[in-house]
Protein chains: 2
Amino acid sequence: METSAKATSANPKVVIIGGGFGGLHAARKLANQPVDVTLIDRTNHHLFQPLLYQVATAMLSPADIAQPIRAILRDAKNIRVVMGQVESIDMKAKLVHTHALQYPFQYLILAAGARHSYFGNDQWEAFAPGLKNLSDALELRRRILDSFEIAESTGDPEIRKAAMTFVIIGAGPTGVEMAGSISELAKRTIVHDFRRIQTQRARILLLDAAPKVLPTFADSLGVSARKQLEKLDIEVRLRTEVVGVTPDGVQLEKEFIRARTVVWAAGNTASPLAKQLGEIDRQGRIIVNKDLSVPGHPELFAIGDVANFPLQDGKPLPGVAPLAMQSGEHAARNILAQVLGSPTRMFRYWDKGTMATIGRNKAIADLKIIKLSGFLAWLCWLFIHLLFIVELRNRILIFLQWAWSYTTYTSGARLTYRTFRPAVPAKEGVRAVTEDML
Amino acid sequence: METSAKATSANPKVVIIGGGFGGLHAARKLANQPVDVTLIDRTNHHLFQPLLYQVATAMLSPADIAQPIRAILRDAKNIRVVMGQVESIDMKAKLVHTHALQYPFQYLILAAGARHSYFGNDQWEAFAPGLKNLSDALELRRRILDSFEIAESTGDPEIRKAAMTFVIIGAGPTGVEMAGSISELAKRTIVHDFRRIQTQRARILLLDAAPKVLPTFADSLGVSARKQLEKLDIEVRLRTEVVGVTPDGVQLEKEFIRARTVVWAAGNTASPLAKQLGEIDRQGRIIVNKDLSVPGHPELFAIGDVANFPLQDGKPLPGVAPLAMQSGEHAARNILAQVLGSPTRMFRYWDKGTMATIGRNKAIADLKIIKLSGFLAWLCWLFIHLLFIVELRNRILIFLQWAWSYTTYTSGARLTYRTFRPAVPAKEGVRAVTEDML
């Protein structure tokens, strides 16, 4: 086949591992350049992760924030997309081994990202899932929506109380956004849908061991975020250590909180592929040179959440999407430079600012030149996020979803896909109770 | 709580089991009437089943064709929605037992619908899933999309051939629509996305033991449907008995077809609740009186796919959505009649016609007054289906999806949610093959 012939041309081969912000932007920079690119990802889609929490809280559908990687790169005939699992990387033979084939390379970009870290307590994951990919989001959505169903249909006040309690561990952007939109779901979207429970009475706790909310933001914004969260009746508990997570709830140093839904938004750890390739830091990120190559391997680059970047102006770089995009493009540029025999350039991150939403028309934004909070920040957040969605179609659809939900207080995607499996323990003493005795 | 007080008023209690077309239309007819209604469903949503195949083939997202039952019935304060599993029904004590509580009733509407039947070969289900609910559709979508991925990334021609072969068992509306839209996916939507395989070469087979396509339709339309299918290079094989389904494919009497994706669209069997309540037919459907009540139980009604209706004008009634809706409303009316002490009325089905699509701008429609096929029928199908979607928002979104896909040949929801798990057997001899040797 002509395409396959092209794929085996004499151009240097570049393999990119990961189709997130970093990998995708690297690939786009290499599109229609004199290189043969293979992008390998475990999923078939690129995910707009900053809106993933809206899928978890049923405001958006998966298709609104994810696009098939193949479709995005369809016109770049020098790029091949492979959906598969990378098992190992042989830097000597210059081969990437997947579950099926192995892919040779002259240049490799590691953009495998990070998963959440349970600080050595991996047994907590089953009871407190995190939020990194679509299946995480749909699992959290199911737990959240099922909790209200169980609260409505149980006769046991203890079970109802636990089902109406939502604990978010970690007060970074993800934790703040999850807490805010669970609160909105309970107080606004579904408030008229139930007959026995009053969903607006849902108890939402946001825990963090740190002394402040949104530690990576300016203090003033952290304070404002906390005020906005408390306006939504979210219990913000800082300097709070989680010592255990069980099927029944969260164990703090001096208290056990019974909760059916626990969300983990606390820590990240880089892809295990990193440690195969070089020296890693405490979060498992591979340490890179100023030009984003890995020490000792000018042909190997690491970007985004899997990379530990050199300090810039004495400060560490934030693990945000723009950093992944910029480092991805920079790594691609440096590969093209090497192909053309010119020297690589050092990477410099341009910080356009950071923002986080806290439910309907509340947000905070640090745009460097100006710090915003409240409604203005929210509008700004809306606008910028729409702008960055890869596909036009999705921009239109999301805008419509938001406009519709904003005016009608409904939520488009309030669905769980699985049929109901009794989550209420059989020992529950109320099986013989008829609903009208309650 | 005031609502709970209202729920325990002196009004007669009606329990509806099932939130499909039948159950939902019964509930709507009982909304704000002098009865206390409890609708029990295993899922949290009402599903517009006629478009489910478009979710399975990634044209639509689950949220486009499903709405939360609670949201639909939100304003009917005399209706309570319960998400739960009905375990048994006690007609003496007049109690419906669920996984958690039990619900008393004076009147009961059984609208539990049907699942697919494997004619005693339930072991086939794992290899040839059917299409009844959202998780079925998402599972089929995953298998279909993963198949193209595996075909692209395997080095084994046998595995590629099986991955590029799609077998649909059953040439009724679901089978015809699945075959048509898998063909469209392969020939149009994803045709430019792959580098090694040529998706338009996918082999699609539509099998049926019957001598014709769409047996419930007029002969002329069945013939036309078959012509349209063959125009799409779909191999239509009638009078073909399936004697076995394995992980590797489909066993016919004289031939084994290697296929990674097999879709079951052959037979239905009614909910097992039916046999608890009365005399059932071969498809497990409960036999009902002319007024839709169950013999010996004037307070018990069965509707939709779970009911075996008396012959009308000497002919059996078709198992379609309009029958479920009309019978649901009729059962509700007869319950209100009994509550008011008036006699029940016999049910008469008004056949507005039937239709089926066969991929992009192909369809057939039997509108009684006129029989259509091809593009006109397709437009008509588009219009009528949009009309019947419960929620306005979804009508708008689906119309946009369709318009967008129609003009751009893209597909909105081409996503699989799970990360890739190697479906390629480890013994595959090509692990050591590098992709450019192929």
# chains A, B, ... in the order shown; residues from 1 in each chain; ligands from 1
call {"tool": "residues_around", "arguments": {"residues": "stretch 113-120 of chain B", "least_positions_apart": "5", "cutoff": "9 Å", "atoms": "only C-alpha atoms", "output": "PDB file with all heavy atoms, in the first residue's frame"}}
result
ATOM      1  N   GLY B  18     -40.466  -0.826  35.066  1.00  0.00           N
ATOM      2  CA  GLY B  18     -39.856  -0.569  33.769  1.00  0.00           C
ATOM      3  C   GLY B  18     -40.085   0.858  33.297  1.00  0.00           C
ATOM      4  O   GLY B  18     -41.206   1.357  33.351  1.00  0.00           O
ATOM      5  N   GLY B  20     -39.146   2.035  30.152  1.00  0.00           N
ATOM      6  CA  GLY B  20     -39.004   2.114  28.698  1.00  0.00           C
ATOM      7  C   GLY B  20     -40.186   2.868  28.099  1.00  0.00           C
ATOM      8  O   GLY B  20     -40.883   3.599  28.798  1.00  0.00           O
ATOM      9  N   GLY B  22     -43.112   1.821  27.178  1.00  0.00           N
ATOM     10  CA  GLY B  22     -44.391   1.467  27.779  1.00  0.00           C
ATOM     11  C   GLY B  22     -44.559   2.079  29.162  1.00  0.00           C
ATOM     12  O   GLY B  22     -45.530   2.781  29.435  1.00  0.00           O
ATOM     13  N   GLU B 125     -23.534 -15.551  24.250  1.00  0.00           N
ATOM     14  CA  GLU B 125     -23.686 -14.112  24.513  1.00  0.00           C
ATOM     15  C   GLU B 125     -22.336 -13.413  24.661  1.00  0.00           C
ATOM     16  O   GLU B 125     -22.133 -12.306  24.160  1.00  0.00           O
ATOM     17  CB  GLU B 125     -24.532 -13.875  25.771  1.00  0.00           C
ATOM     18  CG  GLU B 125     -24.697 -12.391  26.099  1.00  0.00           C
ATOM     19  CD  GLU B 125     -25.935 -12.088  26.937  1.00  0.00           C
ATOM     20  OE1 GLU B 125     -26.401 -12.985  27.651  1.00  0.00           O
ATOM     21  OE2 GLU B 125     -26.420 -10.938  26.872  1.00  0.00           O
ATOM     22  N   PRO B 129     -22.591 -10.275  21.612  1.00  0.00           N
ATOM     23  CA  PRO B 129     -23.512  -9.505  22.449  1.00  0.00           C
ATOM     24  C   PRO B 129     -24.643  -8.914  21.625  1.00  0.00           C
ATOM     25  O   PRO B 129     -24.497  -8.691  20.420  1.00  0.00           O
ATOM     26  CB  PRO B 129     -22.627  -8.397  23.035  1.00  0.00           C
ATOM     27  CG  PRO B 129     -21.462  -8.303  22.117  1.00  0.00           C
ATOM     28  CD  PRO B 129     -21.260  -9.674  21.544  1.00  0.00           C
ATOM     29  N   GLY B 130     -25.762  -8.664  22.291  1.00  0.00           N
ATOM     30  CA  GLY B 130     -26.912  -8.048  21.638  1.00  0.00           C
ATOM     31  C   GLY B 130     -26.941  -6.552  21.901  1.00  0.00           C
ATOM     32  O   GLY B 130     -25.968  -5.975  22.387  1.00  0.00           O
ATOM     33  N   LEU B 131     -28.064  -5.928  21.596  1.00  0.00           N
ATOM     34  CA  LEU B 131     -28.145  -4.471  21.652  1.00  0.00           C
ATOM     35  C   LEU B 131     -29.485  -4.066  22.260  1.00  0.00           C
ATOM     36  O   LEU B 131     -30.470  -3.876  21.541  1.00  0.00           O
ATOM     37  CB  LEU B 131     -28.014  -3.895  20.234  1.00  0.00           C
ATOM     38  CG  LEU B 131     -27.919  -2.375  20.104  1.00  0.00           C
ATOM     39  CD1 LEU B 131     -26.689  -1.838  20.807  1.00  0.00           C
ATOM     40  CD2 LEU B 131     -27.902  -1.969  18.644  1.00  0.00           C
ATOM     41  N   LYS B 132     -29.510  -3.955  23.596  1.00  0.00           N
ATOM     42  CA  LYS B 132     -30.768  -3.577  24.255  1.00  0.00           C
ATOM     43  C   LYS B 132     -30.625  -2.332  25.120  1.00  0.00           C
ATOM     44  O   LYS B 132     -31.543  -1.550  25.238  1.00  0.00           O
ATOM     45  CB  LYS B 132     -31.271  -4.738  25.136  1.00  0.00           C
ATOM     46  CG  LYS B 132     -31.947  -5.842  24.355  1.00  0.00           C
ATOM     47  CD  LYS B 132     -33.420  -5.576  24.103  1.00  0.00           C
ATOM     48  CE  LYS B 132     -34.053  -6.725  23.329  1.00  0.00           C
ATOM     49  NZ  LYS B 132     -34.797  -6.239  22.157  1.00  0.00           N
ATOM     50  N   TRP B 264     -25.386  -9.929  17.912  1.00  0.00           N
ATOM     51  CA  TRP B 264     -26.567 -10.776  17.981  1.00  0.00           C
ATOM     52  C   TRP B 264     -27.824  -9.921  17.865  1.00  0.00           C
ATOM     53  O   TRP B 264     -28.092  -9.071  18.731  1.00  0.00           O
ATOM     54  CB  TRP B 264     -26.587 -11.543  19.292  1.00  0.00           C
ATOM     55  CG  TRP B 264     -27.700 -12.545  19.364  1.00  0.00           C
ATOM     56  CD1 TRP B 264     -28.917 -12.381  19.955  1.00  0.00           C
ATOM     57  CD2 TRP B 264     -27.700 -13.861  18.816  1.00  0.00           C
ATOM     58  NE1 TRP B 264     -29.682 -13.509  19.803  1.00  0.00           N
ATOM     59  CE2 TRP B 264     -28.946 -14.434  19.103  1.00  0.00           C
ATOM     60  CE3 TRP B 264     -26.758 -14.607  18.091  1.00  0.00           C
ATOM     61  CZ2 TRP B 264     -29.291 -15.730  18.711  1.00  0.00           C
ATOM     62  CZ3 TRP B 264     -27.107 -15.904  17.701  1.00  0.00           C
ATOM     63  CH2 TRP B 264     -28.355 -16.445  18.013  1.00  0.00           C
ATOM     64  N   ALA B 265     -28.576 -10.105  16.794  1.00  0.00           N
ATOM     65  CA  ALA B 265     -29.813  -9.342  16.612  1.00  0.00           C
ATOM     66  C   ALA B 265     -30.953 -10.288  16.254  1.00  0.00           C
ATOM     67  O   ALA B 265     -31.863  -9.938  15.509  1.00  0.00           O
ATOM     68  CB  ALA B 265     -29.622  -8.287  15.526  1.00  0.00           C
ATOM     69  N   ALA B 266     -30.869 -11.507  16.799  1.00  0.00           N
ATOM     70  CA  ALA B 266     -31.775 -12.560  16.304  1.00  0.00           C
ATOM     71  C   ALA B 266     -33.075 -12.688  17.083  1.00  0.00           C
ATOM     72  O   ALA B 266     -34.150 -12.542  16.511  1.00  0.00           O
ATOM     73  CB  ALA B 266     -31.039 -13.886  16.288  1.00  0.00           C
ATOM     74  N   GLY B 267     -32.998 -12.936  18.377  1.00  0.00           N
ATOM     75  CA  GLY B 267     -34.239 -13.258  19.065  1.00  0.00           C
ATOM     76  C   GLY B 267     -34.423 -12.516  20.375  1.00  0.00           C
ATOM     77  O   GLY B 267     -33.463 -12.018  20.964  1.00  0.00           O
ATOM     78  N   ASN B 268     -35.664 -12.403  20.816  1.00  0.00           N
ATOM     79  CA  ASN B 268     -35.974 -11.758  22.090  1.00  0.00           C
ATOM     80  C   ASN B 268     -36.661 -12.722  23.036  1.00  0.00           C
ATOM     81  O   ASN B 268     -37.351 -13.635  22.613  1.00  0.00           O
ATOM     82  CB  ASN B 268     -36.895 -10.556  21.864  1.00  0.00           C
ATOM     83  CG  ASN B 268     -36.117  -9.402  21.268  1.00  0.00           C
ATOM     84  OD1 ASN B 268     -34.912  -9.285  21.457  1.00  0.00           O
ATOM     85  ND2 ASN B 268     -36.821  -8.574  20.518  1.00  0.00           N
ATOM     86  N   THR B 269     -36.475 -12.484  24.332  1.00  0.00           N
ATOM     87  CA  THR B 269     -37.259 -13.203  25.321  1.00  0.00           C
ATOM     88  C   THR B 269     -37.667 -12.213  26.407  1.00  0.00           C
ATOM     89  O   THR B 269     -36.888 -11.352  26.799  1.00  0.00           O
ATOM     90  CB  THR B 269     -36.457 -14.374  25.926  1.00  0.00           C
ATOM     91  OG1 THR B 269     -37.276 -15.053  26.858  1.00  0.00           O
ATOM     92  CG2 THR B 269     -35.202 -13.885  26.633  1.00  0.00           C
ATOM     93  N   ALA B 270     -38.912 -12.316  26.843  1.00  0.00           N
ATOM     94  CA  ALA B 270     -39.462 -11.333  27.774  1.00  0.00           C
ATOM     95  C   ALA B 270     -38.808 -11.450  29.150  1.00  0.00           C
ATOM     96  O   ALA B 270     -38.177 -12.462  29.477  1.00  0.00           O
ATOM     97  CB  ALA B 270     -40.964 -11.512  27.894  1.00  0.00           C
ATOM     98  N   SER B 271     -38.973 -10.396  29.950  1.00  0.00           N
ATOM     99  CA  SER B 271     -38.431 -10.391  31.314  1.00  0.00           C
ATOM    100  C   SER B 271     -38.916 -11.610  32.104  1.00  0.00           C
ATOM    101  O   SER B 271     -40.089 -11.973  32.039  1.00  0.00           O
ATOM    102  CB  SER B 271     -38.875  -9.118  32.034  1.00  0.00           C
ATOM    103  OG  SER B 271     -38.800  -9.308  33.441  1.00  0.00           O
ATOM    104  N   PRO B 272     -38.013 -12.238  32.873  1.00  0.00           N
ATOM    105  CA  PRO B 272     -38.398 -13.411  33.668  1.00  0.00           C
ATOM    106  C   PRO B 272     -39.484 -13.111  34.705  1.00  0.00           C
ATOM    107  O   PRO B 272     -40.105 -14.035  35.232  1.00  0.00           O
ATOM    108  CB  PRO B 272     -37.082 -13.819  34.354  1.00  0.00           C
ATOM    109  CG  PRO B 272     -36.151 -12.664  34.197  1.00  0.00           C
ATOM    110  CD  PRO B 272     -36.589 -11.926  32.984  1.00  0.00           C
ATOM    111  N   GLN B 283     -42.046 -17.019  23.768  1.00  0.00           N
ATOM    112  CA  GLN B 283     -41.037 -15.963  23.966  1.00  0.00           C
ATOM    113  C   GLN B 283     -41.072 -15.389  25.381  1.00  0.00           C
ATOM    114  O   GLN B 283     -40.500 -14.335  25.647  1.00  0.00           O
ATOM    115  CB  GLN B 283     -41.258 -14.841  22.943  1.00  0.00           C
ATOM    116  CG  GLN B 283     -40.988 -15.291  21.518  1.00  0.00           C
ATOM    117  CD  GLN B 283     -41.881 -14.569  20.528  1.00  0.00           C
ATOM    118  OE1 GLN B 283     -41.796 -13.357  20.379  1.00  0.00           O
ATOM    119  NE2 GLN B 283     -42.769 -15.307  19.875  1.00  0.00           N
ATOM    120  N   GLY B 284     -41.753 -16.132  26.297  1.00  0.00           N
ATOM    121  CA  GLY B 284     -41.775 -15.712  27.687  1.00  0.00           C
ATOM    122  C   GLY B 284     -42.694 -14.542  27.972  1.00  0.00           C
ATOM    123  O   GLY B 284     -42.680 -13.974  29.062  1.00  0.00           O
ATOM    124  N   ARG B 285     -43.505 -14.145  26.982  1.00  0.00           N
ATOM    125  CA  ARG B 285     -44.409 -13.004  27.168  1.00  0.00           C
ATOM    126  C   ARG B 285     -45.694 -13.447  27.855  1.00  0.00           C
ATOM    127  O   ARG B 285     -46.214 -14.538  27.595  1.00  0.00           O
ATOM    128  CB  ARG B 285     -44.740 -12.357  25.819  1.00  0.00           C
ATOM    129  CG  ARG B 285     -43.524 -11.842  25.070  1.00  0.00           C
ATOM    130  CD  ARG B 285     -43.912 -11.315  23.708  1.00  0.00           C
ATOM    131  NE  ARG B 285     -44.649 -12.342  22.935  1.00  0.00           N
ATOM    132  CZ  ARG B 285     -45.122 -12.121  21.711  1.00  0.00           C
ATOM    133  NH1 ARG B 285     -44.985 -10.922  21.151  1.00  0.00           N
ATOM    134  NH2 ARG B 285     -45.746 -13.074  21.059  1.00  0.00           N
ATOM    135  N   ILE B 303     -47.692  -4.742  29.384  1.00  0.00           N
ATOM    136  CA  ILE B 303     -47.658  -3.934  28.170  1.00  0.00           C
ATOM    137  C   ILE B 303     -46.319  -4.091  27.451  1.00  0.00           C
ATOM    138  O   ILE B 303     -45.348  -4.594  28.018  1.00  0.00           O
ATOM    139  CB  ILE B 303     -47.873  -2.443  28.505  1.00  0.00           C
ATOM    140  CG1 ILE B 303     -46.760  -1.964  29.446  1.00  0.00           C
ATOM    141  CG2 ILE B 303     -49.242  -2.208  29.114  1.00  0.00           C
ATOM    142  CD1 ILE B 303     -46.827  -0.480  29.750  1.00  0.00           C
ATOM    143  N   GLY B 304     -46.274  -3.637  26.216  1.00  0.00           N
ATOM    144  CA  GLY B 304     -45.017  -3.629  25.469  1.00  0.00           C
ATOM    145  C   GLY B 304     -44.467  -5.019  25.205  1.00  0.00           C
ATOM    146  O   GLY B 304     -45.223  -5.982  25.036  1.00  0.00           O
ATOM    147  N   ASP B 305     -43.141  -5.128  25.204  1.00  0.00           N
ATOM    148  CA  ASP B 305     -42.485  -6.379  24.808  1.00  0.00           C
ATOM    149  C   ASP B 305     -42.713  -7.524  25.788  1.00  0.00           C
ATOM    150  O   ASP B 305     -42.400  -8.681  25.481  1.00  0.00           O
ATOM    151  CB  ASP B 305     -40.965  -6.159  24.663  1.00  0.00           C
ATOM    152  CG  ASP B 305     -40.632  -5.338  23.435  1.00  0.00           C
ATOM    153  OD1 ASP B 305     -41.511  -5.226  22.550  1.00  0.00           O
ATOM    154  OD2 ASP B 305     -39.511  -4.797  23.368  1.00  0.00           O
ATOM    155  N   VAL B 306     -43.224  -7.229  26.975  1.00  0.00           N
ATOM    156  CA  VAL B 306     -43.412  -8.289  27.955  1.00  0.00           C
ATOM    157  C   VAL B 306     -44.806  -8.917  27.818  1.00  0.00           C
ATOM    158  O   VAL B 306     -45.116  -9.895  28.473  1.00  0.00           O
ATOM    159  CB  VAL B 306     -43.183  -7.751  29.400  1.00  0.00           C
ATOM    160  CG1 VAL B 306     -44.410  -7.018  29.910  1.00  0.00           C
ATOM    161  CG2 VAL B 306     -42.761  -8.882  30.331  1.00  0.00           C
ATOM    162  N   ALA B 307     -45.631  -8.340  26.943  1.00  0.00           N
ATOM    163  CA  ALA B 307     -47.016  -8.804  26.801  1.00  0.00           C
ATOM    164  C   ALA B 307     -47.245  -9.517  25.478  1.00  0.00           C
ATOM    165  O   ALA B 307     -46.675  -9.154  24.458  1.00  0.00           O
ATOM    166  CB  ALA B 307     -47.977  -7.615  26.920  1.00  0.00           C
TER     167      ALA B 307
END
call {"tool": "residues_around", "arguments": {"residues": "stretch 32-48 of chain A", "least_positions_apart": "5", "cutoff": "6 Å", "atoms": "only C-alpha atoms", "output": "VMD selection string"}}
result
(chain A and resid 11 to 20 65 to 69 76 78 to 85) or (chain B and resid 419 to 420)
call {"tool": "closest_residue", "arguments": {"among": "B:Thr216, B:Ile168, B:Val320, B:Ala274", "to": "B:Val236", "atoms": "only C-alpha atoms"}}
result
B:Ile168
call {"tool": "residues_around", "arguments": {"residues": "B:Ser220", "least_positions_apart": "5", "cutoff": "12 Å", "atoms": "only C-alpha atoms", "output": "JSON, numbers by chain"}}
result
{"B": [212, 213, 214, 215, 225, 226, 227, 364, 365, 366, 371, 372, 373]}
call {"tool": "write_last_selection", "arguments": {"atoms": "all heavy atoms", "output": "short mmCIF file (atom, residue, chain, number, x, y, z; two decimals), in the first residue's frame"}}
result
data_model
loop_
_atom_site.label_atom_id
_atom_site.label_comp_id
_atom_site.auth_asym_id
_atom_site.auth_seq_id
_atom_site.Cartn_x
_atom_site.Cartn_y
_atom_site.Cartn_z
N LYS B 212 -36.12 -14.13 4.17
CA LYS B 212 -36.11 -12.75 3.70
C LYS B 212 -35.61 -11.77 4.75
O LYS B 212 -35.61 -12.07 5.95
CB LYS B 212 -37.49 -12.34 3.18
CG LYS B 212 -38.63 -12.58 4.17
CD LYS B 212 -39.96 -12.21 3.52
CE LYS B 212 -40.60 -11.07 4.31
NZ LYS B 212 -41.86 -10.57 3.76
N VAL B 213 -35.21 -10.59 4.26
CA VAL B 213 -34.77 -9.50 5.12
C VAL B 213 -36.00 -8.77 5.65
O VAL B 213 -37.01 -8.69 4.96
CB VAL B 213 -33.88 -8.52 4.31
CG1 VAL B 213 -33.67 -7.23 5.07
CG2 VAL B 213 -32.55 -9.18 3.99
N LEU B 214 -35.94 -8.28 6.89
CA LEU B 214 -37.06 -7.54 7.48
C LEU B 214 -38.40 -8.26 7.32
O LEU B 214 -39.33 -7.72 6.72
CB LEU B 214 -37.15 -6.15 6.86
CG LEU B 214 -35.95 -5.22 7.07
CD1 LEU B 214 -36.11 -3.95 6.25
CD2 LEU B 214 -35.74 -4.90 8.53
N PRO B 215 -38.51 -9.47 7.86
CA PRO B 215 -39.73 -10.27 7.66
C PRO B 215 -41.01 -9.56 8.10
O PRO B 215 -42.06 -9.80 7.52
CB PRO B 215 -39.47 -11.52 8.51
CG PRO B 215 -38.35 -11.18 9.42
CD PRO B 215 -37.53 -10.16 8.71
N ALA B 225 -34.79 -3.36 0.69
CA ALA B 225 -33.78 -3.27 1.74
C ALA B 225 -32.57 -4.12 1.37
O ALA B 225 -31.42 -3.70 1.47
CB ALA B 225 -34.37 -3.73 3.06
N ARG B 226 -32.85 -5.34 0.89
CA ARG B 226 -31.76 -6.24 0.53
C ARG B 226 -30.90 -5.63 -0.58
O ARG B 226 -29.67 -5.63 -0.51
CB ARG B 226 -32.32 -7.58 0.08
CG ARG B 226 -31.23 -8.54 -0.29
CD ARG B 226 -31.72 -9.91 -0.67
NE ARG B 226 -30.54 -10.76 -0.91
CZ ARG B 226 -30.58 -12.07 -0.93
NH1 ARG B 226 -31.71 -12.70 -0.70
NH2 ARG B 226 -29.48 -12.76 -1.16
N LYS B 227 -31.57 -5.04 -1.58
CA LYS B 227 -30.82 -4.39 -2.66
C LYS B 227 -29.93 -3.30 -2.11
O LYS B 227 -28.74 -3.20 -2.43
CB LYS B 227 -31.80 -3.79 -3.69
CG LYS B 227 -32.39 -4.80 -4.67
CD LYS B 227 -32.72 -4.13 -6.02
CE LYS B 227 -33.68 -4.99 -6.84
NZ LYS B 227 -35.09 -4.90 -6.29
N ILE B 364 -36.02 2.37 4.46
CA ILE B 364 -37.31 1.95 3.92
C ILE B 364 -38.38 2.33 4.94
O ILE B 364 -38.13 2.34 6.14
CB ILE B 364 -37.37 0.44 3.66
CG1 ILE B 364 -37.10 -0.31 4.97
CG2 ILE B 364 -36.38 0.02 2.60
CD1 ILE B 364 -37.70 -1.67 4.98
N ALA B 365 -39.54 2.70 4.45
CA ALA B 365 -40.62 3.10 5.34
C ALA B 365 -41.94 2.58 4.80
O ALA B 365 -42.24 2.72 3.62
CB ALA B 365 -40.65 4.62 5.44
N ASP B 366 -42.69 1.96 5.70
CA ASP B 366 -44.03 1.51 5.34
C ASP B 366 -45.02 2.35 6.14
O ASP B 366 -45.28 2.08 7.30
CB ASP B 366 -44.20 0.02 5.66
CG ASP B 366 -45.55 -0.50 5.20
OD1 ASP B 366 -46.44 0.34 4.91
OD2 ASP B 366 -45.72 -1.72 5.14
N LYS B 371 -45.63 3.42 0.68
CA LYS B 371 -44.38 2.72 0.98
C LYS B 371 -43.23 3.49 0.35
O LYS B 371 -43.27 3.78 -0.84
CB LYS B 371 -44.42 1.30 0.43
CG LYS B 371 -45.44 0.40 1.13
CD LYS B 371 -45.42 -0.99 0.55
CE LYS B 371 -46.37 -1.93 1.27
NZ LYS B 371 -47.59 -1.27 1.79
N LEU B 372 -42.22 3.82 1.14
CA LEU B 372 -41.08 4.56 0.60
C LEU B 372 -39.82 3.74 0.76
O LEU B 372 -39.71 2.90 1.64
CB LEU B 372 -40.90 5.88 1.36
CG LEU B 372 -42.04 6.89 1.34
CD1 LEU B 372 -41.77 8.01 2.31
CD2 LEU B 372 -42.24 7.41 -0.07
N SER B 373 -38.83 4.02 -0.13
CA SER B 373 -37.50 3.46 0.10
C SER B 373 -36.47 4.43 -0.45
O SER B 373 -36.80 5.32 -1.23
CB SER B 373 -37.36 2.08 -0.54
OG SER B 373 -37.40 2.21 -1.94
#
call {"tool": "residues_around", "arguments": {"residues": "B:Ala331", "least_positions_apart": "4", "cutoff": "7 Å", "atoms": "only C-alpha atoms", "output": "PyMOL selection string"}}
result
chain B and resi 26+292+301+327+335
call {"tool": "residues_around", "arguments": {"residues": "B:Arg348", "least_positions_apart": "6", "cutoff": "9 Å", "atoms": "only C-alpha atoms", "output": "PyMOL selection string"}}
result
chain B and resi 290-291+312+326-327+330
call {"tool": "closest_residue", "arguments": {"among": "B:Lys231, B:Arg395, B:Lys94, B:Arg239", "to": "B:Glu184", "atoms": "only C-alpha atoms"}}
result
B:Lys231
call {"tool": "select_by_dssp", "arguments": {"residues": "stretch 120-221 of chain A", "states": "strand (DSSP E or B)", "output": "JSON list (two decimals) with N, CA, C and O atoms, in the first residue's frame"}}
result
[["chain", "number", "residue", "atom", "x", "y", "z"],
["A", 165, "THR", "N", -22.94, 11.73, 51.75],
["A", 165, "THR", "CA", -21.68, 12.38, 52.13],
["A", 165, "THR", "C", -20.62, 12.14, 51.05],
["A", 165, "THR", "O", -20.40, 11.01, 50.63],
["A", 166, "PHE", "N", -20.00, 13.23, 50.58],
["A", 166, "PHE", "CA", -19.01, 13.18, 49.51],
["A", 166, "PHE", "C", -17.70, 13.78, 50.02],
["A", 166, "PHE", "O", -17.69, 14.93, 50.47],
["A", 167, "VAL", "N", -16.64, 12.99, 49.98],
["A", 167, "VAL", "CA", -15.35, 13.47, 50.46],
["A", 167, "VAL", "C", -14.38, 13.58, 49.29],
["A", 167, "VAL", "O", -14.21, 12.62, 48.53],
["A", 168, "ILE", "N", -13.79, 14.76, 49.14],
["A", 168, "ILE", "CA", -12.77, 14.95, 48.11],
["A", 168, "ILE", "C", -11.44, 15.15, 48.82],
["A", 168, "ILE", "O", -11.29, 16.06, 49.65],
["A", 169, "ILE", "N", -10.47, 14.29, 48.51],
["A", 169, "ILE", "CA", -9.16, 14.37, 49.16],
["A", 169, "ILE", "C", -8.19, 15.08, 48.22],
["A", 169, "ILE", "O", -7.90, 14.58, 47.12],
["A", 203, "ARG", "N", -23.69, 16.42, 52.08],
["A", 203, "ARG", "CA", -22.54, 16.94, 52.79],
["A", 203, "ARG", "C", -21.29, 16.74, 51.94],
["A", 203, "ARG", "O", -21.01, 15.62, 51.51],
["A", 204, "ILE", "N", -20.57, 17.82, 51.67],
["A", 204, "ILE", "CA", -19.40, 17.76, 50.81],
["A", 204, "ILE", "C", -18.19, 18.25, 51.58],
["A", 204, "ILE", "O", -18.19, 19.38, 52.09],
["A", 205, "LEU", "N", -17.17, 17.40, 51.70],
["A", 205, "LEU", "CA", -15.95, 17.78, 52.42],
["A", 205, "LEU", "C", -14.76, 17.82, 51.46],
["A", 205, "LEU", "O", -14.62, 16.94, 50.61],
["A", 206, "LEU", "N", -13.95, 18.84, 51.61],
["A", 206, "LEU", "CA", -12.72, 18.97, 50.82],
["A", 206, "LEU", "C", -11.54, 18.97, 51.79],
["A", 206, "LEU", "O", -11.41, 19.87, 52.61],
["A", 207, "LEU", "N", -10.74, 17.91, 51.73],
["A", 207, "LEU", "CA", -9.65, 17.73, 52.69],
["A", 207, "LEU", "C", -8.29, 17.96, 52.04],
["A", 207, "LEU", "O", -8.09, 17.61, 50.88]]
